[in-house]
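Reproduced below: input_22.csv, with CSV, C-alpha atoms.
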chain,number,residue,atom,x,y,z
A,1,MET,CA,-58.4,85.9,134.1
A,2,LEU,CA,-60.8,83.0,133.5
A,3,SER,CA,-59.2,79.6,134.0
A,4,ARG,CA,-60.5,78.5,130.5
A,5,VAL,CA,-58.7,81.4,128.8
A,6,ALA,CA,-55.5,80.9,130.8
A,7,ASP,CA,-55.6,77.2,130.0
A,8,SER,CA,-56.0,77.8,126.2
A,9,LEU,CA,-53.2,80.4,126.1
A,10,TYR,CA,-50.9,78.1,128.2
A,11,TRP,CA,-51.4,75.1,126.0
A,12,MET,CA,-51.2,77.1,122.8
A,13,SER,CA,-47.8,78.2,123.8
A,14,ARG,CA,-46.7,74.7,125.0
A,15,TYR,CA,-47.8,73.0,121.8
A,16,LEU,CA,-46.0,75.5,119.6
A,17,GLU,CA,-42.8,75.1,121.7
A,18,ARG,CA,-43.1,71.4,121.3
A,19,ALA,CA,-43.5,71.6,117.6
A,20,GLU,CA,-40.3,73.8,117.4
A,21,HIS,CA,-38.4,71.4,119.6
A,22,THR,CA,-39.4,68.3,117.5
A,23,ALA,CA,-38.5,70.1,114.3
A,24,ARG,CA,-35.1,71.0,115.7
A,25,LEU,CA,-34.3,67.4,116.8
A,26,LEU,CA,-35.4,65.9,113.5
A,27,ASP,CA,-33.4,68.4,111.5
A,28,LEU,CA,-30.3,67.8,113.6
A,29,ASN,CA,-30.6,64.0,113.4
A,30,LEU,CA,-31.0,64.0,109.6
A,31,HIS,CA,-27.9,66.2,109.4
A,32,GLN,CA,-25.9,63.9,111.7
A,33,MET,CA,-26.8,60.9,109.5
A,34,LEU,CA,-24.4,62.3,106.9
A,35,ASP,CA,-21.4,61.8,109.3
A,36,GLN,CA,-22.2,58.5,110.9
A,37,SER,CA,-22.7,54.8,109.9
A,38,PRO,CA,-26.1,53.2,109.9
A,39,ALA,CA,-25.1,51.2,113.0
A,40,ALA,CA,-24.4,54.5,114.9
A,41,ALA,CA,-27.5,56.2,113.5
A,42,GLY,CA,-29.9,53.6,114.8
A,43,PRO,CA,-29.4,54.1,118.6
A,44,ARG,CA,-29.5,57.9,118.1
A,45,TRP,CA,-33.0,57.7,116.5
A,46,GLU,CA,-34.1,55.4,119.3
A,47,ARG,CA,-32.9,58.0,121.9
A,48,LEU,CA,-34.7,60.7,120.0
A,49,LEU,CA,-38.0,58.8,120.2
A,50,LEU,CA,-37.5,58.2,123.9
A,51,SER,CA,-36.7,61.8,124.6
A,52,LEU,CA,-39.9,63.0,122.8
A,53,ARG,CA,-41.9,60.3,124.6
A,54,ALA,CA,-43.2,59.2,121.2
A,55,PRO,CA,-45.5,56.2,120.8
A,56,ALA,CA,-44.3,53.1,118.9
A,57,ILE,CA,-44.1,53.5,115.2
A,58,PRO,CA,-45.9,50.8,113.2
A,59,GLY,CA,-44.2,49.1,110.4
A,60,ALA,CA,-40.6,47.8,110.0
A,61,SER,CA,-38.7,47.1,113.2
A,62,PRO,CA,-36.6,49.1,113.9
A,63,PRO,CA,-38.2,52.0,111.9
A,64,ASP,CA,-35.9,53.8,109.6
A,65,ALA,CA,-35.2,57.5,109.3
A,66,TYR,CA,-38.0,58.0,106.7
A,67,GLN,CA,-40.7,56.3,108.9
A,68,ILE,CA,-39.6,58.2,112.0
A,69,THR,CA,-39.6,61.6,110.2
A,70,ASP,CA,-43.0,60.9,108.7
A,71,ALA,CA,-44.5,59.8,112.0
A,72,LEU,CA,-43.1,62.8,113.9
A,73,THR,CA,-43.9,65.4,111.3
A,74,PHE,CA,-47.1,64.5,109.3
A,75,ASP,CA,-48.9,61.8,111.3
A,76,GLN,CA,-52.0,63.5,112.6
A,77,SER,CA,-52.9,60.5,114.8
A,78,ASN,CA,-49.6,61.0,116.6
A,79,ASP,CA,-50.0,63.5,119.5
A,80,VAL,CA,-46.4,64.5,119.5
A,81,SER,CA,-46.0,65.1,115.7
A,82,ILE,CA,-45.4,68.6,114.4
A,83,ILE,CA,-48.6,68.8,112.5
A,84,SER,CA,-50.6,67.6,115.6
A,85,CYS,CA,-48.9,70.2,117.9
A,86,ILE,CA,-49.4,73.1,115.5
A,87,THR,CA,-53.0,72.1,114.9
A,88,GLN,CA,-53.6,71.9,118.6
A,89,ALA,CA,-51.9,75.3,119.1
A,90,ARG,CA,-54.2,76.9,116.5
A,91,GLU,CA,-57.3,75.3,118.0
A,92,ASN,CA,-56.4,76.7,121.5
A,93,ALA,CA,-55.8,80.1,119.9
A,94,ARG,CA,-59.2,79.9,118.1
A,95,GLN,CA,-60.9,79.3,121.4
A,96,VAL,CA,-59.6,82.6,122.9
A,97,ARG,CA,-59.4,84.5,119.6
A,98,GLU,CA,-60.4,87.7,121.4
A,99,GLN,CA,-57.3,87.5,123.7
A,100,VAL,CA,-54.7,87.2,121.0
A,101,SER,CA,-53.7,89.9,118.5
A,102,SER,CA,-54.6,89.7,114.8
A,103,GLU,CA,-50.9,89.4,113.9
A,104,MET,CA,-50.5,86.4,116.3
A,105,TRP,CA,-53.6,84.7,114.8
A,106,GLU,CA,-52.4,85.3,111.2
A,107,GLN,CA,-48.9,84.0,111.9
A,108,LEU,CA,-50.2,80.9,113.5
A,109,ASN,CA,-52.6,80.3,110.6
A,110,ARG,CA,-49.8,80.7,108.1
A,111,LEU,CA,-47.7,78.2,109.9
A,112,CYS,CA,-50.5,75.7,110.2
A,113,LEU,CA,-51.5,76.0,106.5
A,114,GLN,CA,-47.8,75.7,105.5
A,115,VAL,CA,-47.3,72.4,107.4
A,116,LYS,CA,-50.7,71.0,106.3
A,117,GLY,CA,-49.9,71.9,102.7
A,118,THR,CA,-46.6,69.9,102.6
A,119,LYS,CA,-46.5,66.2,101.8
A,120,MET,CA,-43.9,63.9,103.2
A,121,GLU,CA,-42.7,62.6,99.8
A,122,GLU,CA,-42.3,66.2,98.5
A,123,MET,CA,-40.4,67.3,101.6
A,124,TRP,CA,-38.2,64.2,101.7
A,125,GLN,CA,-37.2,64.4,98.0
A,126,THR,CA,-36.4,68.2,98.0
A,127,GLU,CA,-34.9,69.7,101.1
A,128,PRO,CA,-35.9,68.5,104.6
A,129,HIS,CA,-33.7,71.1,106.2
A,130,GLU,CA,-35.6,73.9,104.6
A,131,PHE,CA,-38.9,72.6,105.8
A,132,PHE,CA,-37.8,72.1,109.4
A,133,GLN,CA,-36.1,75.5,109.4
A,134,SER,CA,-39.3,77.1,108.2
A,135,VAL,CA,-41.2,75.5,111.2
A,136,LYS,CA,-38.6,76.8,113.6
A,137,ASP,CA,-38.7,80.2,112.0
A,138,GLY,CA,-42.5,80.3,112.1
A,139,SER,CA,-42.5,79.5,115.8
A,140,HIS,CA,-39.8,82.1,116.6
A,141,LEU,CA,-41.7,84.7,114.5
A,142,PHE,CA,-44.9,83.9,116.5
A,143,LEU,CA,-43.0,84.6,119.8
A,144,GLY,CA,-41.7,87.8,118.4
A,145,VAL,CA,-45.1,88.9,117.2
A,146,THR,CA,-46.6,88.0,120.6
A,147,ASP,CA,-44.1,90.1,122.5
A,148,ALA,CA,-44.5,93.1,120.1
A,149,THR,CA,-48.3,93.1,119.7
A,150,MET,CA,-49.9,91.6,122.8
A,151,SER,CA,-50.3,93.5,126.1
A,152,HIS,CA,-47.9,92.1,128.7
A,153,GLY,CA,-50.6,91.2,131.2
A,154,GLU,CA,-51.8,88.0,132.7
A,155,GLY,CA,-52.5,86.4,129.3
A,156,TRP,CA,-49.0,87.1,128.1
A,157,GLN,CA,-47.6,85.7,131.3
A,158,PHE,CA,-49.5,82.4,130.8
A,159,ILE,CA,-48.0,82.2,127.3
A,160,GLN,CA,-44.5,82.6,128.8
A,161,LEU,CA,-45.3,80.0,131.5
A,162,GLY,CA,-46.4,77.4,128.9
A,163,ARG,CA,-43.4,78.1,126.8
A,164,PHE,CA,-40.8,77.7,129.5
A,165,ILE,CA,-42.4,74.8,131.3
A,166,GLU,CA,-42.4,72.9,127.9
A,167,ARG,CA,-38.8,73.9,127.3
A,168,ALA,CA,-37.7,72.8,130.7
A,169,GLY,CA,-39.4,69.4,130.4
A,170,ALA,CA,-38.0,68.8,126.9
A,171,THR,CA,-34.5,69.7,128.0
A,172,SER,CA,-34.6,67.5,131.1
A,173,ALA,CA,-35.9,64.6,129.0
A,174,LEU,CA,-33.0,65.1,126.5
A,175,LEU,CA,-30.4,65.0,129.3
A,176,ASP,CA,-32.1,62.1,131.0
A,177,ILE,CA,-32.0,60.0,127.8
A,178,TYR,CA,-28.8,61.1,126.2
A,179,LEU,CA,-26.3,61.7,129.0
A,180,PRO,CA,-26.1,59.7,132.2
A,181,PRO,CA,-25.8,56.0,131.1
A,182,HIS,CA,-23.9,56.9,128.0
A,183,ILE,CA,-21.2,59.0,129.6
A,184,GLU,CA,-20.8,56.8,132.7
A,185,GLN,CA,-20.4,53.7,130.5
A,186,GLN,CA,-17.6,55.4,128.5
A,187,ARG,CA,-15.9,56.6,131.7
A,188,LEU,CA,-15.8,53.1,133.2
A,189,THR,CA,-14.7,51.3,130.0
A,190,ASP,CA,-12.2,54.0,128.9
A,191,GLU,CA,-14.0,54.3,125.6
A,192,PRO,CA,-13.4,57.5,123.6
A,193,LEU,CA,-16.1,60.1,124.1
A,194,ASP,CA,-18.7,60.4,121.4
A,195,TYR,CA,-18.1,64.0,120.6
A,196,LEU,CA,-20.5,64.1,117.7
A,197,GLY,CA,-23.3,62.8,120.1
A,198,LEU,CA,-22.3,65.4,122.7
A,199,VAL,CA,-22.4,68.2,120.2
A,200,GLY,CA,-25.8,66.9,119.1
A,201,VAL,CA,-27.1,67.2,122.6
A,202,LEU,CA,-25.9,70.8,122.9
A,203,LYS,CA,-27.4,71.7,119.5
A,204,SER,CA,-30.7,69.9,120.5
A,205,CYS,CA,-30.9,72.5,123.3
A,206,THR,CA,-29.7,75.4,121.1
A,207,ALA,CA,-26.8,75.6,123.5
A,208,PHE,CA,-23.8,74.8,121.3
A,209,GLU,CA,-22.9,78.4,120.4
A,210,ALA,CA,-23.4,79.5,124.0
A,211,TYR,CA,-21.1,76.6,125.1
A,212,CYS,CA,-18.4,77.6,122.6
A,213,GLN,CA,-18.6,81.2,123.8
A,214,LEU,CA,-18.4,80.2,127.4
A,215,ASP,CA,-15.5,77.8,126.7
A,216,ALA,CA,-13.6,80.6,125.0
A,217,TYR,CA,-13.5,82.6,128.2
A,218,MET,CA,-12.4,79.8,130.4

Would you put the structure from the file into structure tokens?
Amino acid sequence: MLSRVADSLYWMSRYLERAEHTARLLDLNLHQMLDQSPAAAGPRWERLLLSLRAPAIPGASPPDAYQITDALTFDQSNDVSIISCITQARENARQVREQVSSEMWEQLNRLCLQVKGTKMEEMWQTEPHEFFQSVKDGSHLFLGVTDATMSHGEGWQFIQLGRFIERAGATSALLDIYLPPHIEQQRLTDEPLDYLGLVGVLKSCTAFEAYCQLDAYM
């Protein structure tokens, strides 16, 4: 396989996985705001930005939930935003259009048009959860369509490689930012564990239900 083709398939997959991961973290943090005070919510938003390696957000300091959500969702100048990642995924797919199935191309186009057709004010005032869920569902549907309609040759393997490398990097960044200093500090000072925060870390990795199932057998 040509290196140009492999590179485009690899990055198409990585960008789409990154968009799904960002949508999941934003959705989770917006939900957790309902159960925590503003003082507790601020540090969690800061850790989210660090875990995504997001650039500084212009405006008020510290930025509020609205500004962070807007920057990480609809800011096309932000390389880690959802709209930027999906646009980059589509562009990489366009460059190797002959290598992906028609169903894959159509699904990626639908997802891209859906995100570009949504405005921040509209999403914020209606139901953010529905929007972020649709981004996650669109990414998962693309993966299912890929497995069902694309030959499982070298191109498919590069798609899997990009997906899992991105997932491994995102998970390690989450654990690096959220767990070590936080847990160690609580252990040394005998502070009660932040169970909501720990549950959030598990849900950020889509591991909460797996943890509950494993814990039930122990």

Please provide the set of residues having any atom within 7 Å of Leu16 of chain A, restricted to only C-alpha atoms, with same-chain residues fewer than 5 positions apart removed, written as a list in words.
Cys85, Ile86, Ala89 and Ser139 of chain A

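Distances to His31 of chain A were evaluated for A:Leu196, A:Leu113, A:Leu141, A:Ala207 using all atoms listed in the file, and the minimum falls at A:Leu196.
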
From the list A:Met120, A:Leu174, A:Val100, A:Cys212, which residue is nearest Leu48 of chain A when using only C-alpha atoms?
A:Leu174

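The two atoms in question, atom CA of Leu108 of chain A and atom CA of Ala210 of chain A, are spaced 28.8 Å apart.
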
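Using only C-alpha atoms, the smallest distance between any of A:Gln125, A:Gln157, A:Ser172, A:Gln107 and Gly144 of chain A comes from A:Gln107.
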
Atom CA of Ile177 of chain A to atom CA of Glu46 of chain A: how many Å, to one decimal?
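Computing it gives 9.9 Å between the two atoms.
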
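Here atom CA of Asp176 of chain A is placed at a distance of 11.8 Å from atom CA of Arg53 of chain A.
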